[in-house]
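Q: Below you will find the structure I want to go over with you.
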Amino acid sequence: MYNALTHSSIPVSIVKRNGIVVWSNEPFMKLAESNDVYKLPITDYIKSFDINSFGSYDSEDGSKLVFKTTHNGRSYKILGNILNTSSSDLKSDDNYYIALYWYDNTEFDLLSKKYYSEAFVSCIIVIDN
């Protein structure tokens with residue numbers, strides 16, 4: 001599993017509950033624009049990311065989180081997977097880690113905006129002599 005994460009083309013980082021980065025792969029370091037991201041808050045590199053702002057739980061047991069953020073003009077959907085926790089109270093337990101998978105959602109968001117901003121209009125014209 002370690003090799004799969006290390007060599008993944010998707011940026012991956014593992015952070016403590018308080019946002020301190022404990023591990024990341026090369027694509028995440030490129031995203032953060034730094035090779036020295038360890039033991040520092042993730043917000044030092046991704047200013048708009050808030051570890052407490054997960055939008056939803058993506059599973060019944062609450063172990064998968066969904067975040068959205070922007071960085072350097074790109075939009076990201078971040079899937080978080082809670083690691084090593086025995087507590088069900090996610091807001092108060094500081095003794096767990098979150099694996100963050102950073103998916104670049106920019107093209108999808110642009111296409112979605114374009115799709116919803118356009119509308120099909122039809123008109124029936126009746127001319128009577």
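Residue numbering restarts at 1 for every chain of the structure tokens, chains are lettered A, B, ... in their displayed order, and ligands are numbered from 1 as they appear.
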Using only C-alpha atoms, what table do you get, as a Markdown table, when you list each residue of region 7-84 of chain A with an atom no more than 8 Å from region 96-103 of chain A, its nearest pair of atoms, and their distance in Å rounded to one decimal, rows by chain then rising number?

A:
| residue | atom | partner | partner_atom | distance |
| --- | --- | --- | --- | --- |
| A:Ile10 | CA | A:Trp102 | CA | 6.4 |
| A:Pro11 | CA | A:Trp102 | CA | 5.2 |
| A:Val12 | CA | A:Tyr101 | CA | 4.7 |
| A:Ser13 | CA | A:Leu100 | CA | 5.2 |
| A:Ile14 | CA | A:Ala99 | CA | 4.3 |
| A:Val15 | CA | A:Ile98 | CA | 5.4 |
| A:Lys16 | CA | A:Tyr97 | CA | 4.4 |
| A:Arg17 | CA | A:Tyr97 | CA | 5.7 |
| A:Phe28 | CA | A:Trp102 | CA | 8.0 |
| A:Tyr76 | CA | A:Tyr103 | CA | 5.5 |
| A:Lys77 | CA | A:Tyr103 | CA | 5.3 |
| A:Ile78 | CA | A:Trp102 | CA | 4.6 |
| A:Leu79 | CA | A:Tyr101 | CA | 5.2 |
| A:Gly80 | CA | A:Leu100 | CA | 4.5 |
| A:Asn81 | CA | A:Ala99 | CA | 5.1 |
| A:Ile82 | CA | A:Ile98 | CA | 4.6 |
| A:Leu83 | CA | A:Tyr97 | CA | 5.2 |
| A:Asn84 | CA | A:Tyr96 | CA | 5.6 |

Q: Emit the selected residues as an mmCIF file, in the first residue's frame, including N, CA and C atoms.

A:
data_model
loop_
_atom_site.group_PDB
_atom_site.id
_atom_site.type_symbol
_atom_site.label_atom_id
_atom_site.label_comp_id
_atom_site.auth_asym_id
_atom_site.auth_seq_id
_atom_site.Cartn_x
_atom_site.Cartn_y
_atom_site.Cartn_z
ATOM 1 N N ILE A 10 -1.923 11.021 -8.036
ATOM 2 C CA ILE A 10 -2.839 11.875 -7.288
ATOM 3 C C ILE A 10 -2.119 12.387 -6.042
ATOM 4 N N PRO A 11 -2.188 13.691 -5.762
ATOM 5 C CA PRO A 11 -1.591 14.194 -4.524
ATOM 6 C C PRO A 11 -2.261 13.555 -3.306
ATOM 7 N N VAL A 12 -1.444 13.029 -2.399
ATOM 8 C CA VAL A 12 -1.932 12.396 -1.180
ATOM 9 C C VAL A 12 -1.140 12.956 -0.007
ATOM 10 N N SER A 13 -1.841 13.273 1.071
ATOM 11 C CA SER A 13 -1.167 13.704 2.291
ATOM 12 C C SER A 13 -1.859 13.052 3.480
ATOM 13 N N ILE A 14 -1.105 12.842 4.534
ATOM 14 C CA ILE A 14 -1.669 12.336 5.783
ATOM 15 C C ILE A 14 -1.407 13.399 6.836
ATOM 16 N N VAL A 15 -2.487 13.829 7.475
ATOM 17 C CA VAL A 15 -2.388 14.891 8.470
ATOM 18 C C VAL A 15 -2.981 14.423 9.787
ATOM 19 N N LYS A 16 -2.493 15.029 10.870
ATOM 20 C CA LYS A 16 -3.121 14.814 12.170
ATOM 21 C C LYS A 16 -4.428 15.596 12.197
ATOM 22 N N ARG A 17 -5.240 15.342 13.169
ATOM 23 C CA ARG A 17 -6.538 16.023 13.310
ATOM 24 C C ARG A 17 -6.366 17.538 13.373
ATOM 25 N N PHE A 28 1.811 15.812 -4.019
ATOM 26 C CA PHE A 28 1.315 16.777 -3.035
ATOM 27 C C PHE A 28 2.355 17.862 -2.775
ATOM 28 N N TYR A 76 -10.283 21.915 -5.998
ATOM 29 C CA TYR A 76 -9.986 20.547 -5.574
ATOM 30 C C TYR A 76 -11.130 19.972 -4.754
ATOM 31 N N LYS A 77 -11.422 18.717 -5.035
ATOM 32 C CA LYS A 77 -12.302 17.927 -4.181
ATOM 33 C C LYS A 77 -11.378 16.984 -3.436
ATOM 34 N N ILE A 78 -11.424 17.043 -2.128
ATOM 35 C CA ILE A 78 -10.510 16.266 -1.308
ATOM 36 C C ILE A 78 -11.309 15.209 -0.559
ATOM 37 N N LEU A 79 -10.947 13.969 -0.789
ATOM 38 C CA LEU A 79 -11.583 12.876 -0.064
ATOM 39 C C LEU A 79 -10.695 12.523 1.106
ATOM 40 N N GLY A 80 -11.263 12.535 2.290
ATOM 41 C CA GLY A 80 -10.514 12.222 3.499
ATOM 42 C C GLY A 80 -10.943 10.894 4.065
ATOM 43 N N ASN A 81 -9.964 10.116 4.490
ATOM 44 C CA ASN A 81 -10.235 8.814 5.089
ATOM 45 C C ASN A 81 -9.621 8.810 6.483
ATOM 46 N N ILE A 82 -10.443 8.627 7.506
ATOM 47 C CA ILE A 82 -9.960 8.650 8.879
ATOM 48 C C ILE A 82 -9.221 7.360 9.184
ATOM 49 N N LEU A 83 -8.028 7.514 9.762
ATOM 50 C CA LEU A 83 -7.175 6.378 10.091
ATOM 51 C C LEU A 83 -6.993 6.269 11.604
ATOM 52 N N ASN A 84 -7.020 5.054 12.111
ATOM 53 C CA ASN A 84 -6.689 4.769 13.513
ATOM 54 C C ASN A 84 -7.489 5.567 14.530
#

Q: List the neighbours of Thr69 (chain A) out to 10 Å using only C-alpha atoms; skip same-chain residues closer than 5 positions along the sequence, and give me the result as a list in words.

A: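 So the residues in contact are Ile46, Lys47, Ser48, Phe49, Asp50, Ser53, Arg74, Ser75, Tyr76, Lys77, Ile78, Trp102, Asp104 and Asn105 of chain A.
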
Q: Can you check which residues of chain A DSSP gives as strand (DSSP E or B) on the backbone and send them as a PyMOL selection string?

A: chain A and resi 12-16+20-24+41+56-57+64-71+74-83+97-104

Q: Determine which residues of chain A DSSP labels as helix (DSSP H, G or I) from the backbone of this structure, then write them out as a ChimeraX atom specification.

A: /A:2-6,26-32,42-44,106-117

Q: Write the residues you've just listed into a file as a tab-separated table (two decimals), in the first residue's frame, and include C-alpha atoms for each of them.

A:
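Result written to selection.tsv:
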chain	number	residue	atom	x	y	z
A	2	TYR	CA	2.86	2.39	0.82
A	3	ASN	CA	4.31	2.04	-2.70
A	4	ALA	CA	0.89	2.65	-4.24
A	5	LEU	CA	0.52	5.92	-2.33
A	6	THR	CA	4.12	7.01	-2.87
A	26	GLU	CA	5.67	13.93	-4.47
A	27	PRO	CA	2.54	15.21	-6.29
A	28	PHE	CA	1.32	16.78	-3.04
A	29	MET	CA	4.68	18.49	-2.53
A	30	LYS	CA	4.32	19.94	-6.05
A	31	LEU	CA	0.80	21.10	-5.19
A	32	ALA	CA	2.07	22.68	-1.96
A	42	ILE	CA	-1.24	22.15	6.01
A	43	THR	CA	-2.62	25.71	5.98
A	44	ASP	CA	0.96	27.00	5.70
A	106	THR	CA	-11.23	22.40	-12.04
A	107	GLU	CA	-12.28	21.15	-15.46
A	108	PHE	CA	-15.41	19.50	-14.04
A	109	ASP	CA	-16.39	22.69	-12.20
A	110	LEU	CA	-15.93	24.80	-15.35
A	111	LEU	CA	-17.96	22.37	-17.44
A	112	SER	CA	-20.64	22.22	-14.76
A	113	LYS	CA	-20.90	26.03	-14.65
A	114	LYS	CA	-21.14	26.14	-18.43
A	115	TYR	CA	-23.81	23.43	-18.48
A	116	TYR	CA	-25.98	25.11	-15.85
A	117	SER	CA	-25.58	28.58	-17.35

Q: At what distance in Å, to one decimal, does CA of Lys39 (chain A) lie from CA of Ser8 (chain A)?

A: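 Interatomic distance, CA of Ser8 (chain A) to CA of Lys39 (chain A): 21.7 Å.
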